[in-house]
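So this block is data-v1.pdb, PDB, C-alpha atoms:
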ATOM      1  CA  MET U  14      29.439 -54.158 -11.146
ATOM      2  CA  THR U  15      31.939 -55.227 -13.813
ATOM      3  CA  SER U  16      34.808 -57.302 -12.472
ATOM      4  CA  VAL U  17      38.314 -56.475 -13.679
ATOM      5  CA  LYS U  18      39.959 -59.304 -15.603
ATOM      6  CA  ARG U  19      43.180 -60.393 -13.965
ATOM      7  CA  PRO U  20      46.116 -60.991 -16.334
ATOM      8  CA  LYS U  21      46.962 -64.677 -16.767
ATOM      9  CA  ILE U  22      50.618 -65.584 -16.290
ATOM     10  CA  LEU U  23      52.038 -68.959 -17.348
ATOM     11  CA  ILE U  24      55.189 -70.011 -15.515
ATOM     12  CA  ALA U  25      57.150 -72.392 -17.748
ATOM     13  CA  GLY U  26      59.681 -74.239 -15.629
ATOM     14  CA  ALA U  27      57.484 -73.868 -12.557
ATOM     15  CA  THR U  28      59.302 -76.600 -10.617
ATOM     16  CA  SER U  29      62.734 -75.013 -11.118
ATOM     17  CA  GLN U  30      64.321 -73.012  -8.286
ATOM     18  CA  VAL U  31      63.593 -69.679  -9.920
ATOM     19  CA  GLY U  32      60.183 -70.712 -11.265
ATOM     20  CA  SER U  33      58.820 -71.897  -7.915
ATOM     21  CA  GLU U  34      60.144 -68.836  -6.073
ATOM     22  CA  THR U  35      58.691 -66.542  -8.744
ATOM     23  CA  ILE U  36      55.271 -68.056  -8.102
ATOM     24  CA  LYS U  37      55.648 -67.285  -4.386
ATOM     25  CA  PHE U  38      56.489 -63.643  -5.106
ATOM     26  CA  LEU U  39      53.612 -63.319  -7.587
ATOM     27  CA  THR U  40      51.224 -64.715  -4.982
ATOM     28  CA  GLU U  41      52.373 -62.014  -2.556
ATOM     29  CA  ILE U  42      52.049 -59.260  -5.181
ATOM     30  CA  GLY U  43      48.533 -60.387  -6.164
ATOM     31  CA  GLY U  44      46.298 -59.021  -8.895
ATOM     32  CA  VAL U  45      47.205 -61.752 -11.414
ATOM     33  CA  GLU U  46      46.142 -65.300 -12.206
ATOM     34  CA  ILE U  47      49.061 -67.743 -12.008
ATOM     35  CA  ILE U  48      49.259 -70.991 -13.967
ATOM     36  CA  ALA U  49      52.161 -73.344 -13.282
ATOM     37  CA  ALA U  50      53.323 -75.405 -16.266
ATOM     38  CA  VAL U  51      54.368 -78.887 -15.119
ATOM     39  CA  ARG U  52      55.262 -82.117 -16.867
ATOM     40  CA  SER U  53      53.329 -84.648 -14.773
ATOM     41  CA  PRO U  54      50.290 -84.921 -12.470
ATOM     42  CA  GLU U  55      52.667 -85.744  -9.619
ATOM     43  CA  LYS U  56      54.444 -82.398  -9.989
ATOM     44  CA  ALA U  57      51.121 -80.598 -10.324
ATOM     45  CA  VAL U  58      50.237 -81.595  -6.754
ATOM     46  CA  LEU U  59      53.028 -79.340  -5.469
ATOM     47  CA  PHE U  60      51.041 -76.345  -6.720
ATOM     48  CA  THR U  61      47.401 -77.442  -6.531
ATOM     49  CA  SER U  62      47.887 -78.099  -2.813
ATOM     50  CA  GLU U  63      48.709 -74.383  -2.516
ATOM     51  CA  GLY U  64      45.738 -73.287  -4.607
ATOM     52  CA  ILE U  65      47.822 -72.606  -7.750
ATOM     53  CA  ALA U  66      46.307 -73.643 -11.085
ATOM     54  CA  THR U  67      48.401 -75.977 -13.231
ATOM     55  CA  VAL U  68      48.601 -77.197 -16.788
ATOM     56  CA  ILE U  69      50.523 -80.262 -17.941
ATOM     57  CA  VAL U  70      52.843 -79.668 -20.893
ATOM     58  CA  ASP U  71      55.963 -81.158 -22.394
ATOM     59  CA  LEU U  72      58.874 -79.243 -23.888
ATOM     60  CA  ASP U  73      57.626 -79.472 -27.468
ATOM     61  CA  THR U  74      53.821 -79.244 -27.538
ATOM     62  CA  HIS U  75      52.241 -76.421 -25.582
ATOM     63  CA  LEU U  76      49.819 -74.431 -27.758
ATOM     64  CA  PRO U  77      46.675 -75.492 -25.794
ATOM     65  CA  ALA U  78      48.368 -74.489 -22.526
ATOM     66  CA  LEU U  79      48.960 -70.980 -23.892
ATOM     67  CA  GLU U  80      45.343 -70.227 -24.762
ATOM     68  CA  GLY U  81      44.194 -67.157 -22.835
ATOM     69  CA  ILE U  82      47.680 -66.459 -21.445
ATOM     70  CA  ASP U  83      48.710 -62.789 -21.315
ATOM     71  CA  ARG U  84      52.251 -63.085 -19.953
ATOM     72  CA  LEU U  85      54.837 -65.847 -20.081
ATOM     73  CA  PHE U  86      57.881 -66.700 -17.969
ATOM     74  CA  VAL U  87      60.411 -68.729 -19.970
ATOM     75  CA  VAL U  88      62.835 -71.030 -18.131
ATOM     76  CA  THR U  89      64.793 -73.395 -20.374
ATOM     77  CA  GLY U  90      66.346 -76.797 -19.823
ATOM     78  CA  TYR U  91      70.075 -77.464 -19.673
ATOM     79  CA  THR U  92      70.462 -79.005 -23.114
ATOM     80  CA  VAL U  93      71.219 -77.698 -26.589
ATOM     81  CA  ASP U  94      67.554 -78.430 -27.350
ATOM     82  CA  MET U  95      66.772 -75.239 -25.401
ATOM     83  CA  LEU U  96      67.167 -73.360 -28.694
ATOM     84  CA  ARG U  97      64.624 -75.403 -30.636
ATOM     85  CA  GLN U  98      62.275 -75.722 -27.668
ATOM     86  CA  SER U  99      62.379 -71.986 -26.890
ATOM     87  CA  LYS U 100      61.602 -71.153 -30.519
ATOM     88  CA  ALA U 101      58.640 -73.538 -30.562
ATOM     89  CA  LEU U 102      57.324 -72.144 -27.272
ATOM     90  CA  LEU U 103      57.638 -68.553 -28.476
ATOM     91  CA  ASP U 104      56.070 -69.330 -31.856
ATOM     92  CA  ASN U 105      53.084 -70.863 -30.089
ATOM     93  CA  ALA U 106      52.939 -67.976 -27.607
ATOM     94  CA  LYS U 107      52.702 -65.579 -30.536
ATOM     95  CA  LYS U 108      49.876 -67.594 -32.081
ATOM     96  CA  ALA U 109      48.057 -67.638 -28.739
ATOM     97  CA  GLY U 110      48.272 -63.856 -28.315
ATOM     98  CA  VAL U 111      50.734 -63.683 -25.408
ATOM     99  CA  GLN U 112      51.773 -60.060 -24.922
ATOM    100  CA  HIS U 113      54.735 -59.975 -22.510
ATOM    101  CA  VAL U 114      57.610 -62.457 -22.157
ATOM    102  CA  VAL U 115      60.084 -62.576 -19.281
ATOM    103  CA  HIS U 116      63.063 -64.760 -20.160
ATOM    104  CA  LEU U 117      65.492 -66.241 -17.631
ATOM    105  CA  GLY U 118      68.813 -66.180 -19.434
ATOM    106  CA  ALA U 119      72.411 -66.519 -18.310
ATOM    107  CA  CYS U 120      75.436 -64.446 -17.321
ATOM    108  CA  GLY U 121      77.401 -62.331 -19.686
ATOM    109  CA  ARG U 122      77.941 -59.129 -21.527
ATOM    110  CA  ASP U 123      76.362 -58.648 -24.946
ATOM    111  CA  ASP U 124      79.575 -59.719 -26.690
ATOM    112  CA  THR U 125      80.023 -62.942 -24.701
ATOM    113  CA  THR U 126      81.749 -65.845 -26.414
ATOM    114  CA  VAL U 127      80.747 -68.408 -23.769
ATOM    115  CA  ALA U 128      78.621 -70.731 -25.880
ATOM    116  CA  HIS U 129      75.649 -71.530 -23.647
ATOM    117  CA  TRP U 130      75.417 -67.905 -22.484
ATOM    118  CA  ALA U 131      75.313 -66.848 -26.134
ATOM    119  CA  TRP U 132      72.523 -69.354 -26.802
ATOM    120  CA  HIS U 133      70.395 -67.515 -24.250
ATOM    121  CA  GLN U 134      71.157 -64.232 -25.998
ATOM    122  CA  LEU U 135      69.960 -65.748 -29.273
ATOM    123  CA  VAL U 136      66.679 -66.579 -27.519
ATOM    124  CA  GLU U 137      66.532 -62.956 -26.337
ATOM    125  CA  ARG U 138      66.899 -61.710 -29.903
ATOM    126  CA  TYR U 139      64.185 -64.113 -31.101
ATOM    127  CA  ILE U 140      61.814 -62.794 -28.440
ATOM    128  CA  GLU U 141      62.448 -59.245 -29.660
ATOM    129  CA  TRP U 142      62.176 -60.210 -33.344
ATOM    130  CA  SER U 143      58.826 -61.900 -32.643
ATOM    131  CA  GLY U 144      57.397 -58.578 -31.479
ATOM    132  CA  PHE U 145      56.685 -59.355 -27.826
ATOM    133  CA  SER U 146      56.929 -56.863 -25.030
ATOM    134  CA  TYR U 147      59.833 -58.351 -23.065
ATOM    135  CA  THR U 148      62.104 -58.327 -20.034
ATOM    136  CA  HIS U 149      65.425 -60.191 -20.204
ATOM    137  CA  LEU U 150      67.009 -61.468 -16.986
ATOM    138  CA  ARG U 151      70.706 -62.336 -16.914
ATOM    139  CA  PRO U 152      71.590 -63.709 -13.473
ATOM    140  CA  GLU U 153      75.171 -64.311 -12.447
ATOM    141  CA  VAL U 154      76.160 -67.446 -10.491
ATOM    142  CA  PHE U 155      73.451 -68.648  -8.103
ATOM    143  CA  MET U 156      74.447 -68.572  -4.440
ATOM    144  CA  GLN U 157      72.289 -71.683  -3.975
ATOM    145  CA  ASN U 158      74.917 -73.652  -5.915
ATOM    146  CA  VAL U 159      76.954 -73.862  -2.694
ATOM    147  CA  LEU U 160      74.030 -75.640  -1.013
ATOM    148  CA  SER U 161      73.531 -78.230  -3.744
ATOM    149  CA  TYR U 162      74.673 -78.668  -7.328
ATOM    150  CA  GLY U 163      73.400 -81.249  -9.761
ATOM    151  CA  GLY U 164      71.134 -82.707  -7.079
ATOM    152  CA  LYS U 165      74.025 -83.364  -4.671
ATOM    153  CA  LYS U 166      75.157 -81.599  -1.502
ATOM    154  CA  ALA U 167      77.836 -79.144  -2.601
ATOM    155  CA  ILE U 168      79.844 -78.790   0.638
ATOM    156  CA  LYS U 169      80.888 -81.870   2.586
ATOM    157  CA  HIS U 170      82.453 -81.618   6.050
ATOM    158  CA  GLY U 171      83.328 -77.984   5.461
ATOM    159  CA  VAL U 172      85.162 -78.597   2.168
ATOM    160  CA  ILE U 173      84.140 -76.460  -0.802
ATOM    161  CA  ASN U 174      85.050 -77.752  -4.269
ATOM    162  CA  ALA U 175      84.829 -75.743  -7.472
ATOM    163  CA  TYR U 176      86.448 -75.754 -10.907
ATOM    164  CA  VAL U 177      87.611 -72.134 -11.173
ATOM    165  CA  ASP U 178      90.867 -72.056  -9.171
ATOM    166  CA  GLY U 179      91.124 -68.618  -7.501
ATOM    167  CA  ALA U 180      88.791 -66.712  -9.837
ATOM    168  CA  ARG U 181      86.481 -64.023  -8.483
ATOM    169  CA  LEU U 182      82.870 -64.632  -9.531
ATOM    170  CA  SER U 183      79.752 -62.472  -9.390
ATOM    171  CA  TRP U 184      76.884 -64.023  -7.397
ATOM    172  CA  VAL U 185      73.135 -63.599  -6.902
ATOM    173  CA  ASP U 186      70.550 -65.173  -4.593
ATOM    174  CA  VAL U 187      67.849 -67.126  -6.454
ATOM    175  CA  ASP U 188      65.254 -65.344  -4.305
ATOM    176  CA  ASP U 189      66.431 -61.996  -5.687
ATOM    177  CA  VAL U 190      66.203 -63.259  -9.274
ATOM    178  CA  ALA U 191      62.673 -64.520  -8.611
ATOM    179  CA  ASN U 192      61.699 -61.198  -7.044
ATOM    180  CA  VAL U 193      62.736 -59.334 -10.194
ATOM    181  CA  ALA U 194      61.022 -61.922 -12.418
ATOM    182  CA  ALA U 195      57.756 -61.583 -10.499
ATOM    183  CA  LEU U 196      57.795 -57.790 -10.682
ATOM    184  CA  ALA U 197      58.509 -57.875 -14.430
ATOM    185  CA  LEU U 198      55.578 -60.263 -14.918
ATOM    186  CA  ALA U 199      53.207 -58.331 -12.662
ATOM    187  CA  HIS U 200      54.115 -54.881 -14.001
ATOM    188  CA  PRO U 201      55.285 -55.178 -17.628
ATOM    189  CA  ASP U 202      54.599 -51.485 -18.169
ATOM    190  CA  LEU U 203      57.492 -50.692 -15.792
ATOM    191  CA  HIS U 204      59.924 -53.345 -17.032
ATOM    192  CA  SER U 205      59.299 -53.719 -20.772
ATOM    193  CA  THR U 206      62.371 -53.551 -23.084
ATOM    194  CA  LYS U 207      64.687 -53.934 -20.081
ATOM    195  CA  THR U 208      67.679 -56.240 -19.814
ATOM    196  CA  TYR U 209      68.549 -56.755 -16.156
ATOM    197  CA  ARG U 210      71.922 -58.165 -15.284
ATOM    198  CA  LEU U 211      71.650 -59.571 -11.779
ATOM    199  CA  GLY U 212      74.818 -59.995  -9.708
ATOM    200  CA  TYR U 213      75.475 -58.212  -6.444
ATOM    201  CA  ASP U 214      78.484 -59.693  -4.644
ATOM    202  CA  ALA U 215      81.846 -60.651  -6.161
ATOM    203  CA  ILE U 216      83.946 -63.093  -4.164
ATOM    204  CA  THR U 217      86.397 -65.962  -4.594
ATOM    205  CA  PHE U 218      85.756 -69.408  -3.167
ATOM    206  CA  GLY U 219      88.682 -68.929  -0.799
ATOM    207  CA  GLU U 220      87.119 -65.726   0.548
ATOM    208  CA  LEU U 221      83.774 -67.499   0.761
ATOM    209  CA  ALA U 222      85.297 -70.259   2.926
ATOM    210  CA  GLU U 223      86.741 -67.638   5.284
ATOM    211  CA  LEU U 224      83.392 -65.855   5.538
ATOM    212  CA  MET U 225      81.541 -69.105   6.277
ATOM    213  CA  THR U 226      84.078 -69.958   8.966
ATOM    214  CA  SER U 227      83.602 -66.614  10.699
ATOM    215  CA  ILE U 228      79.785 -66.664  10.564
ATOM    216  CA  ILE U 229      79.061 -70.347  11.226
ATOM    217  CA  GLY U 230      81.883 -70.865  13.688
ATOM    218  CA  LYS U 231      83.183 -74.065  12.122
ATOM    219  CA  PRO U 232      86.151 -74.415   9.750
ATOM    220  CA  PHE U 233      85.514 -74.255   6.010
ATOM    221  CA  ARG U 234      88.165 -74.532   3.330
ATOM    222  CA  TYR U 235      88.299 -74.360  -0.451
ATOM    223  CA  GLU U 236      89.869 -77.178  -2.455
ATOM    224  CA  PRO U 237      89.853 -76.365  -6.196
ATOM    225  CA  LEU U 238      89.343 -79.166  -8.687
ATOM    226  CA  GLY U 239      90.362 -79.310 -12.317
ATOM    227  CA  PRO U 240      87.563 -78.813 -14.889
ATOM    228  CA  GLY U 241      88.271 -82.329 -16.136
ATOM    229  CA  VAL U 242      86.734 -83.667 -12.924
ATOM    230  CA  PHE U 243      83.468 -81.914 -13.832
ATOM    231  CA  LEU U 244      83.605 -83.229 -17.403
ATOM    232  CA  GLN U 245      84.061 -86.836 -16.288
ATOM    233  CA  ALA U 246      81.272 -86.504 -13.729
ATOM    234  CA  MET U 247      78.896 -85.301 -16.439
ATOM    235  CA  ILE U 248      79.901 -88.153 -18.759
ATOM    236  CA  ASP U 249      79.397 -90.679 -15.947
ATOM    237  CA  ALA U 250      75.976 -89.182 -15.169
ATOM    238  CA  GLY U 251      74.863 -89.490 -18.789
ATOM    239  CA  ALA U 252      74.318 -85.740 -19.112
ATOM    240  CA  GLU U 253      73.610 -84.080 -22.459
ATOM    241  CA  MET U 254      77.183 -83.265 -23.478
ATOM    242  CA  ALA U 255      76.548 -80.630 -26.147
ATOM    243  CA  TYR U 256      75.496 -78.368 -23.282
ATOM    244  CA  MET U 257      77.757 -79.704 -20.532
ATOM    245  CA  GLY U 258      80.745 -79.565 -22.855
ATOM    246  CA  CYS U 259      80.141 -75.815 -23.058
ATOM    247  CA  VAL U 260      79.970 -75.630 -19.264
ATOM    248  CA  TYR U 261      83.283 -77.506 -19.091
ATOM    249  CA  ASP U 262      84.833 -75.006 -21.516
ATOM    250  CA  HIS U 263      83.677 -72.042 -19.454
ATOM    251  CA  TRP U 264      85.105 -73.539 -16.252
ATOM    252  CA  LYS U 265      88.432 -73.756 -18.098
ATOM    253  CA  ARG U 266      88.171 -70.073 -18.996
ATOM    254  CA  TYR U 267      87.214 -68.778 -15.555
ATOM    255  CA  ALA U 268      90.449 -69.687 -13.767
ATOM    256  CA  PRO U 269      92.882 -67.767 -16.042
ATOM    257  CA  GLY U 270      90.527 -64.784 -16.150
ATOM    258  CA  THR U 271      89.677 -65.018 -19.842
ATOM    259  CA  ILE U 272      85.925 -64.372 -19.429
ATOM    260  CA  PRO U 273      85.510 -60.574 -19.507
ATOM    261  CA  GLY U 274      83.182 -59.323 -16.780
ATOM    262  CA  ALA U 275      83.035 -62.578 -14.812
ATOM    263  CA  ASP U 276      83.054 -60.523 -11.608
ATOM    264  CA  ASP U 277      80.767 -57.705 -12.810
ATOM    265  CA  THR U 278      78.335 -56.467 -10.143
ATOM    266  CA  PHE U 279      75.392 -54.101 -10.539
ATOM    267  CA  ASP U 280      73.441 -51.457  -8.606
ATOM    268  CA  ASN U 281      70.021 -51.895 -10.234
ATOM    269  CA  PHE U 282      68.292 -54.022  -7.587
ATOM    270  CA  PRO U 283      67.026 -51.258  -5.243
ATOM    271  CA  ALA U 284      65.495 -49.360  -8.170
ATOM    272  CA  ILE U 285      63.725 -52.509  -9.411
ATOM    273  CA  THR U 286      62.502 -53.888  -6.081
ATOM    274  CA  GLY U 287      62.765 -51.135  -3.477
ATOM    275  CA  ARG U 288      65.095 -53.178  -1.274
ATOM    276  CA  GLN U 289      68.746 -54.162  -1.054
ATOM    277  CA  PRO U 290      70.048 -57.359  -2.708
ATOM    278  CA  THR U 291      71.290 -60.321  -0.724
ATOM    279  CA  LYS U 292      75.034 -60.315  -0.066
ATOM    280  CA  TRP U 293      77.047 -63.367   0.911
ATOM    281  CA  ALA U 294      77.006 -62.567   4.640
ATOM    282  CA  ASP U 295      73.182 -62.351   4.480
ATOM    283  CA  PHE U 296      72.923 -65.603   2.543
ATOM    284  CA  ILE U 297      75.143 -67.530   4.966
ATOM    285  CA  GLU U 298      73.121 -66.273   7.944
ATOM    286  CA  LYS U 299      69.878 -67.262   6.196
ATOM    287  CA  HIS U 300      71.140 -70.772   5.425
ATOM    288  CA  LYS U 301      73.176 -71.509   8.554
ATOM    289  CA  ALA U 302      71.253 -74.703   9.297
ATOM    290  CA  GLU U 303      71.961 -76.093   5.811
ATOM    291  CA  LEU U 304      75.625 -75.110   5.802
ATOM    292  CA  THR U 305      76.622 -76.286   9.266
ATOM    293  CA  TYR U 306      78.001 -79.792   9.803
TER     294      TYR U 306
END
Could you render the structure from this file as structure tokens?
Amino acid sequence: MTSVKRPKILIAGATSQVGSETIKFLTEIGGVEIIAAVRSPEKAVLFTSEGIATVIVDLDTHLPALEGIDRLFVVTGYTVDMLRQSKALLDNAKKAGVQHVVHLGACGRDDTTVAHWAWHQLVERYIEWSGFSYTHLRPEVFMQNVLSYGGKKAIKHGVINAYVDGARLSWVDVDDVANVAALALAHPDLHSTKTYRLGYDAITFGELAELMTSIIGKPFRYEPLGPGVFLQAMIDAGAEMAYMGCVYDHWKRYAPGTIPGADDTFDNFPAITGRQPTKWADFIEKHKAELTY
């Protein structure tokens, strides 16, 4: 009896929120061989302990890791180097014979002028130009950002801070993004040449505080901060400012409503996954233990 070769999928950015959740969904779907790309033996243990194969790579040299890979999930870092690093990764993927690429991009319509969102769209165009079968994912703001942001707890004693004044934003649960990513990787025939914008609940931070109060039963309130507070925090943290300067600029544009489509929501999730997307009420219920104080 001839065994059927399972497609090999390399998850670049395997330790990221979306990358690790995508691996979980792919494990449930089955029928593929998953390889988690990590940057150290210590991080590899997170996956090998679960029976997931790993390969150690850095952000610039990865051709050996791509040998025999059929499909690739691209998750970039939060620096301007994402452009150069994505190009190098895709060039090597082409040399290695990778067929299908799923790219985790950023928010925005095709004509966005938000710099770091546009950078992701340039990566999308390079994927297409290189001749890959592809699926582009454009998630809106992650709901998980209210649990932690930049490695720190985002809500303290019921106080929510953000840099967008009273703007209404479009949101998506990381789990829903990972679900779509896994399906696109497992079934490229169904998702090739698709660009999926992923945002399913539009809400302001003030409305979010009211919803948390009603569901958790403790008072929450929103206290907006000026974007300059974010900028100084990034400078103090030694962050890469070419990228974080762009993030600062987009916070400045959210509040006066000068980012077209910032609250766009979509109805594509049931058709892609066969289930309903997570809304804010669902997310708060799911994460009650983390949100309570």
Q: Select, counting only C-alpha atoms, all protein, DNA and RNA residues no farther than 12 Å from (56.3, -52.7, -17.6) in file coordinates, and express the selection as a ChimeraX atom specification.
A: /U:84,112-115,146-148,193-207,285
10 Å contact set for Gly239 (chain U), only C-alpha atoms, chain neighbours under 5 positions out, as a compact mmCIF listing (two decimals) with C-alpha atoms, in the frame of the given file:
# COMPACT_ATOMS: atom_id res chain seq x y z
CA ASN U 174 85.05 -77.75 -4.27
CA ALA U 175 84.83 -75.74 -7.47
CA TYR U 176 86.45 -75.75 -10.91
CA VAL U 177 87.61 -72.13 -11.17
CA ASP U 178 90.87 -72.06 -9.17
CA LEU U 244 83.60 -83.23 -17.40
CA TYR U 261 83.28 -77.51 -19.09
CA TRP U 264 85.10 -73.54 -16.25
CA LYS U 265 88.43 -73.76 -18.10
CA ALA U 268 90.45 -69.69 -13.77
Q. For this file, the PyMOL selection byres ((chain U and resi 20) around 10) selects which residues, as a list in words?
A.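 Selection result, ordered by chain and number: Val17, Lys18, Arg19, Lys21, Ile22, Leu23, Gly44, Val45, Glu46, Ile47, Gly81, Ile82, Asp83, Arg84, Leu198 and Ala199 of chain U.
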Q: State, in Å with one decimal place, the distance from CA of Val51 (chain U) to CA of Val70 (chain U).
A: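 Spanning CA of Val51 (chain U) to CA of Val70 (chain U) is a straight-line distance of 6.0 Å.
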Q) Using all atoms listed in the file, which of U:Tyr213, U:Phe218, U:Tyr91, U:Phe155 sits nearest Met257 (chain U)? A)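 The answer is U:Tyr91, which sits nearest to Met257 (chain U).
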(Q) I'd like to know which of U:Pro269, U:Pro77, U:Pro290, U:Gly32 is closest to Phe60 (chain U), using all atoms listed in the file. (A) U:Gly32
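Using only C-alpha atoms for every distance, the candidate list U:Thr126, U:Asn281, U:Ser29, U:Thr208 yields U:Thr126 as the residue closest to His263 (chain U).
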Quick check on the file I pasted: which residues fall under the PyMOL selection byres ((chain U and resi 101) around 12)? Write them as a PDB file with C-alpha atoms, in the frame of the given file.
ATOM      1  CA  ASP U  71      55.963 -81.158 -22.394  1.00  0.00           C
ATOM      2  CA  LEU U  72      58.874 -79.243 -23.888  1.00  0.00           C
ATOM      3  CA  ASP U  73      57.626 -79.472 -27.468  1.00  0.00           C
ATOM      4  CA  THR U  74      53.821 -79.244 -27.538  1.00  0.00           C
ATOM      5  CA  HIS U  75      52.241 -76.421 -25.582  1.00  0.00           C
ATOM      6  CA  LEU U  76      49.819 -74.431 -27.758  1.00  0.00           C
ATOM      7  CA  VAL U  87      60.411 -68.729 -19.970  1.00  0.00           C
ATOM      8  CA  THR U  89      64.793 -73.395 -20.374  1.00  0.00           C
ATOM      9  CA  ASP U  94      67.554 -78.430 -27.350  1.00  0.00           C
ATOM     10  CA  MET U  95      66.772 -75.239 -25.401  1.00  0.00           C
ATOM     11  CA  LEU U  96      67.167 -73.360 -28.694  1.00  0.00           C
ATOM     12  CA  ARG U  97      64.624 -75.403 -30.636  1.00  0.00           C
ATOM     13  CA  GLN U  98      62.275 -75.722 -27.668  1.00  0.00           C
ATOM     14  CA  SER U  99      62.379 -71.986 -26.890  1.00  0.00           C
ATOM     15  CA  LYS U 100      61.602 -71.153 -30.519  1.00  0.00           C
ATOM     16  CA  LEU U 102      57.324 -72.144 -27.272  1.00  0.00           C
ATOM     17  CA  LEU U 103      57.638 -68.553 -28.476  1.00  0.00           C
ATOM     18  CA  ASP U 104      56.070 -69.330 -31.856  1.00  0.00           C
ATOM     19  CA  ASN U 105      53.084 -70.863 -30.089  1.00  0.00           C
ATOM     20  CA  ALA U 106      52.939 -67.976 -27.607  1.00  0.00           C
ATOM     21  CA  LYS U 107      52.702 -65.579 -30.536  1.00  0.00           C
ATOM     22  CA  LYS U 108      49.876 -67.594 -32.081  1.00  0.00           C
ATOM     23  CA  VAL U 136      66.679 -66.579 -27.519  1.00  0.00           C
ATOM     24  CA  TYR U 139      64.185 -64.113 -31.101  1.00  0.00           C
ATOM     25  CA  ILE U 140      61.814 -62.794 -28.440  1.00  0.00           C
ATOM     26  CA  SER U 143      58.826 -61.900 -32.643  1.00  0.00           C
TER      27      SER U 143
END
Q | Residues matched by the PyMOL selection byres ((chain U and resi 160) around 12) as a list in words | A | Phe155, Met156, Gln157, Asn158, Val159, Ser161, Tyr162, Gly163, Gly164, Lys165, Lys166, Ala167, Ile168, Lys169, Gly171, Val172, Ile173, Asn174, Asp186, Val187, Phe296, Ile297, Lys299, His300, Lys301, Ala302, Glu303, Leu304 and Thr305 of chain U
Selected residues written out with C-alpha atoms, as a compact mmCIF listing (two decimals), in the coordinates of the input:
# COMPACT_ATOMS: atom_id res chain seq x y z
CA PHE U 155 73.45 -68.65 -8.10
CA MET U 156 74.45 -68.57 -4.44
CA GLN U 157 72.29 -71.68 -3.98
CA ASN U 158 74.92 -73.65 -5.92
CA VAL U 159 76.95 -73.86 -2.69
CA SER U 161 73.53 -78.23 -3.74
CA TYR U 162 74.67 -78.67 -7.33
CA GLY U 163 73.40 -81.25 -9.76
CA GLY U 164 71.13 -82.71 -7.08
CA LYS U 165 74.03 -83.36 -4.67
CA LYS U 166 75.16 -81.60 -1.50
CA ALA U 167 77.84 -79.14 -2.60
CA ILE U 168 79.84 -78.79 0.64
CA LYS U 169 80.89 -81.87 2.59
CA GLY U 171 83.33 -77.98 5.46
CA VAL U 172 85.16 -78.60 2.17
CA ILE U 173 84.14 -76.46 -0.80
CA ASN U 174 85.05 -77.75 -4.27
CA ASP U 186 70.55 -65.17 -4.59
CA VAL U 187 67.85 -67.13 -6.45
CA PHE U 296 72.92 -65.60 2.54
CA ILE U 297 75.14 -67.53 4.97
CA LYS U 299 69.88 -67.26 6.20
CA HIS U 300 71.14 -70.77 5.42
CA LYS U 301 73.18 -71.51 8.55
CA ALA U 302 71.25 -74.70 9.30
CA GLU U 303 71.96 -76.09 5.81
CA LEU U 304 75.62 -75.11 5.80
CA THR U 305 76.62 -76.29 9.27
Q. CA of Asp280 (chain U) to CA of Val88 (chain U): how many Å, to one decimal?
A. 24.2 Å
